[in-house]
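Structure record follows, encoded as structure tokens.
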Amino acid sequence: MRERFASPGCRFEVQIEQDLPEIVADPAAMPTALINLLDNAWKYSDGTKRIIFRARAENGGVAFSVQDNGIGIAPLETKRIFQTFYQVDQRLSRRGSGCGLGLSIVKFVVAA
């Protein structure tokens with residue numbers, strides 16, 4: 001991901017708070033979830049991509065977030081985007097090579 005985000009036409013920023021609490025998570029699953037979020041930010045942002053990855057302390061744990069300048073998600077779709085194989089717009093998946101699994105994997109990892 002670092003190589004892709006270092007390419008021309010992408011501004012990638014990492015903001016990680018100091019002294020974060022220890023993270024108790026599956027060492028293979030957690031990176032997979034974060035990579036899925038970052039991959040979506042990359043795939044669904046056109047033109048100059050602006051992506052920010054953040055990690056901050058929250059309620060005794062660590063909260064991760066990814067912000068981008070992509071196309072966004074309509075409020076009516078936000079409850080469905082975590083369903084397996086669900087895609088907001090089939091045309092976007094063909095353009096971005098998605099199959100509707102990324103966010104459902106993120107939800108599964110976070111729930112676990």
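Residues in the structure tokens are numbered from 1 in each chain, the chains being A, B, ... in the order shown, and ligands are numbered from 1 in the order shown.
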**Request:** Select from chain A everything DSSP, run on the backbone, classes as helix (DSSP H, G or I), then give the selection as a ChimeraX atom specification.
**Result:** /A:2-5,29-43,75-77,90-96,102-111
Quick one: which range 56-80 of chain A residues come within 12 Å of range 101-106 of chain A, and what is the nearest atom pair for each with the distance in Å to one decimal, counting only C-alpha atoms, rows ordered by chain and ascending number, as a tab-separated table?
```
residue	atom	partner	partner_atom	distance
A:Phe64	CA	A:Val106	CA	11.6
A:Ser65	CA	A:Val106	CA	11.9
A:Thr78	CA	A:Leu103	CA	10.9
A:Lys79	CA	A:Leu103	CA	11.3
A:Arg80	CA	A:Ser104	CA	9.7
```
For the selection you just gave me, I'd like the residues written to a file as an mmCIF file, in the first residue's frame, keeping N, CA, C and O atoms.
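The resulting file, part-v5.cif, is reproduced below:
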```cif
data_model
loop_
_atom_site.group_PDB
_atom_site.id
_atom_site.type_symbol
_atom_site.label_atom_id
_atom_site.label_comp_id
_atom_site.auth_asym_id
_atom_site.auth_seq_id
_atom_site.Cartn_x
_atom_site.Cartn_y
_atom_site.Cartn_z
ATOM 1 N N PHE A 64 -9.365 3.655 14.660
ATOM 2 C CA PHE A 64 -8.727 3.893 13.361
ATOM 3 C C PHE A 64 -9.749 4.536 12.445
ATOM 4 O O PHE A 64 -10.934 4.212 12.495
ATOM 5 N N SER A 65 -9.284 5.435 11.585
ATOM 6 C CA SER A 65 -10.179 6.014 10.592
ATOM 7 C C SER A 65 -9.404 6.299 9.316
ATOM 8 O O SER A 65 -8.187 6.501 9.334
ATOM 9 N N THR A 78 -25.586 3.524 3.954
ATOM 10 C CA THR A 78 -24.608 3.244 5.003
ATOM 11 C C THR A 78 -24.906 1.985 5.810
ATOM 12 O O THR A 78 -23.990 1.339 6.306
ATOM 13 N N LYS A 79 -26.161 1.599 5.940
ATOM 14 C CA LYS A 79 -26.480 0.380 6.684
ATOM 15 C C LYS A 79 -26.218 -0.871 5.873
ATOM 16 O O LYS A 79 -25.980 -1.934 6.438
ATOM 17 N N ARG A 80 -26.223 -0.763 4.568
ATOM 18 C CA ARG A 80 -26.087 -1.938 3.705
ATOM 19 C C ARG A 80 -24.658 -2.211 3.271
ATOM 20 O O ARG A 80 -24.347 -3.326 2.855
#
```
**Prompt:** Using only C-alpha atoms, which residues sit within 12 Å of Ala6 in chain A once same-chain residues fewer than 4 positions away are excluded, as a list in words?
**Reply:**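 Answer for this query is Met1, Arg2, Cys10, Arg11, Phe12, Glu13, Trp42, Lys49, Arg50 and Ile51 of chain A.
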**Item:** Interatomic distance, CA of Ile52 in chain A to CA of Asn69 in chain A (Å, one decimal)
**Value:** 9.5 Å
**Request:** Write out as a ChimeraX atom specification each polymer residue whose atoms come within 10 Å of Ala25 in chain A, counting only C-alpha atoms; drop sequence neighbours fewer than 4 positions from it.
**Result:** /A:29-31,109-110,112
Limited to N, CA and C atoms, could you put the picked residues into a file as a compact mmCIF listing (two decimals), in the first residue's frame?
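Wrote selection-v3.txt, looks like this:
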```txt
# COMPACT_ATOMS: atom_id res chain seq x y z
N ALA A 29 -5.55 -10.47 10.97
CA ALA A 29 -6.86 -9.93 10.58
C ALA A 29 -6.90 -8.40 10.66
N MET A 30 -6.30 -7.83 11.67
CA MET A 30 -6.37 -6.37 11.83
C MET A 30 -5.72 -5.65 10.64
N PRO A 31 -4.52 -6.02 10.22
CA PRO A 31 -3.97 -5.36 9.02
C PRO A 31 -4.85 -5.56 7.79
N VAL A 109 -13.97 -8.44 11.24
CA VAL A 109 -12.75 -8.31 12.05
C VAL A 109 -13.02 -7.44 13.27
N VAL A 110 -13.70 -6.32 13.09
CA VAL A 110 -14.00 -5.42 14.20
C VAL A 110 -14.90 -6.11 15.21
N ALA A 112 -15.17 -9.30 15.78
CA ALA A 112 -14.43 -10.37 16.44
C ALA A 112 -13.52 -9.81 17.51
```
**Nearest to Asn40 in chain A by atom-to-atom distance, counting only C-alpha atoms, from A:Glu58, A:Asp68, A:Glu22, A:Glu17** = A:Asp68
**Message:** Applying 10 Å and only C-alpha atoms, which residues near Gly61 in chain A remain after dropping the ones on its own chain fewer than 5 positions away? List them as a list in words.
**Reply:**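 Answer for this query is Leu20, Pro21, Glu22, Ile23, Val24 and Arg56 of chain A.
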How would the residues just picked look written out with all heavy atoms as a PDB file, in the first residue's frame?
```
ATOM      1  N   LEU A  20      -0.411   5.488  22.402  1.00  0.00           N
ATOM      2  CA  LEU A  20      -1.665   4.756  22.247  1.00  0.00           C
ATOM      3  C   LEU A  20      -1.656   3.526  23.152  1.00  0.00           C
ATOM      4  O   LEU A  20      -0.601   2.940  23.395  1.00  0.00           O
ATOM      5  CB  LEU A  20      -1.854   4.310  20.793  1.00  0.00           C
ATOM      6  CG  LEU A  20      -2.105   5.414  19.783  1.00  0.00           C
ATOM      7  CD1 LEU A  20      -2.124   4.847  18.369  1.00  0.00           C
ATOM      8  CD2 LEU A  20      -3.413   6.116  20.083  1.00  0.00           C
ATOM      9  N   PRO A  21      -2.821   3.099  23.630  1.00  0.00           N
ATOM     10  CA  PRO A  21      -2.869   1.882  24.434  1.00  0.00           C
ATOM     11  C   PRO A  21      -2.549   0.663  23.568  1.00  0.00           C
ATOM     12  O   PRO A  21      -2.631   0.709  22.337  1.00  0.00           O
ATOM     13  CB  PRO A  21      -4.315   1.828  24.940  1.00  0.00           C
ATOM     14  CG  PRO A  21      -5.085   2.718  24.048  1.00  0.00           C
ATOM     15  CD  PRO A  21      -4.137   3.730  23.490  1.00  0.00           C
ATOM     16  N   GLU A  22      -2.205  -0.418  24.219  1.00  0.00           N
ATOM     17  CA  GLU A  22      -1.916  -1.663  23.509  1.00  0.00           C
ATOM     18  C   GLU A  22      -3.167  -2.140  22.773  1.00  0.00           C
ATOM     19  O   GLU A  22      -4.280  -2.040  23.287  1.00  0.00           O
ATOM     20  CB  GLU A  22      -1.464  -2.738  24.502  1.00  0.00           C
ATOM     21  CG  GLU A  22      -1.104  -4.032  23.839  1.00  0.00           C
ATOM     22  CD  GLU A  22      -0.584  -5.070  24.828  1.00  0.00           C
ATOM     23  OE1 GLU A  22      -0.450  -4.766  26.026  1.00  0.00           O
ATOM     24  OE2 GLU A  22      -0.331  -6.195  24.380  1.00  0.00           O
ATOM     25  N   ILE A  23      -2.955  -2.645  21.586  1.00  0.00           N
ATOM     26  CA  ILE A  23      -4.053  -3.168  20.775  1.00  0.00           C
ATOM     27  C   ILE A  23      -4.070  -4.681  20.922  1.00  0.00           C
ATOM     28  O   ILE A  23      -3.067  -5.349  20.683  1.00  0.00           O
ATOM     29  CB  ILE A  23      -3.877  -2.793  19.294  1.00  0.00           C
ATOM     30  CG1 ILE A  23      -3.861  -1.281  19.127  1.00  0.00           C
ATOM     31  CG2 ILE A  23      -4.954  -3.433  18.437  1.00  0.00           C
ATOM     32  CD1 ILE A  23      -3.458  -0.822  17.747  1.00  0.00           C
ATOM     33  N   VAL A  24      -5.216  -5.206  21.321  1.00  0.00           N
ATOM     34  CA  VAL A  24      -5.384  -6.651  21.405  1.00  0.00           C
ATOM     35  C   VAL A  24      -6.227  -7.060  20.204  1.00  0.00           C
ATOM     36  O   VAL A  24      -7.428  -6.791  20.164  1.00  0.00           O
ATOM     37  CB  VAL A  24      -6.068  -7.069  22.725  1.00  0.00           C
ATOM     38  CG1 VAL A  24      -6.240  -8.574  22.782  1.00  0.00           C
ATOM     39  CG2 VAL A  24      -5.265  -6.564  23.917  1.00  0.00           C
ATOM     40  N   ARG A  56      -6.147   6.967  16.980  1.00  0.00           N
ATOM     41  CA  ARG A  56      -6.218   7.802  18.181  1.00  0.00           C
ATOM     42  C   ARG A  56      -6.789   6.975  19.327  1.00  0.00           C
ATOM     43  O   ARG A  56      -7.504   5.991  19.123  1.00  0.00           O
ATOM     44  CB  ARG A  56      -7.079   9.035  17.940  1.00  0.00           C
ATOM     45  CG  ARG A  56      -8.552   8.755  17.743  1.00  0.00           C
ATOM     46  CD  ARG A  56      -9.357  10.023  17.472  1.00  0.00           C
ATOM     47  NE  ARG A  56     -10.769   9.809  17.509  1.00  0.00           N
ATOM     48  CZ  ARG A  56     -11.481   9.086  16.653  1.00  0.00           C
ATOM     49  NH1 ARG A  56     -10.866   8.481  15.674  1.00  0.00           N
ATOM     50  NH2 ARG A  56     -12.783   8.948  16.786  1.00  0.00           N
TER      51      ARG A  56
END
```
**Residue nearest Ile73 in chain A - candidates A:Val14, A:Ala41, A:Ile35, A:Ala57, atoms counted: only C-alpha atoms** =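 So, comparing all the options, the nearest one is A:Ala41.
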**Request:** List every residue of chain A that DSSP, applied to the backbone of this structure, places in strand (DSSP E or B), and write the result as number ranges by chain.
**Result:** A: 10-16, 49-58, 61-68
**Item:** Distance criterion (only C-alpha atoms): nearest to Arg54 in chain A out of A:Val66, A:Ser7, A:Lys107, A:Asp19
**Value:** A:Val66
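The nearest approach to Gly9 in chain A among the residues A:Pro27, A:Leu34, A:Phe108, A:Gly47, with only C-alpha atoms taken into account, belongs to A:Gly47.
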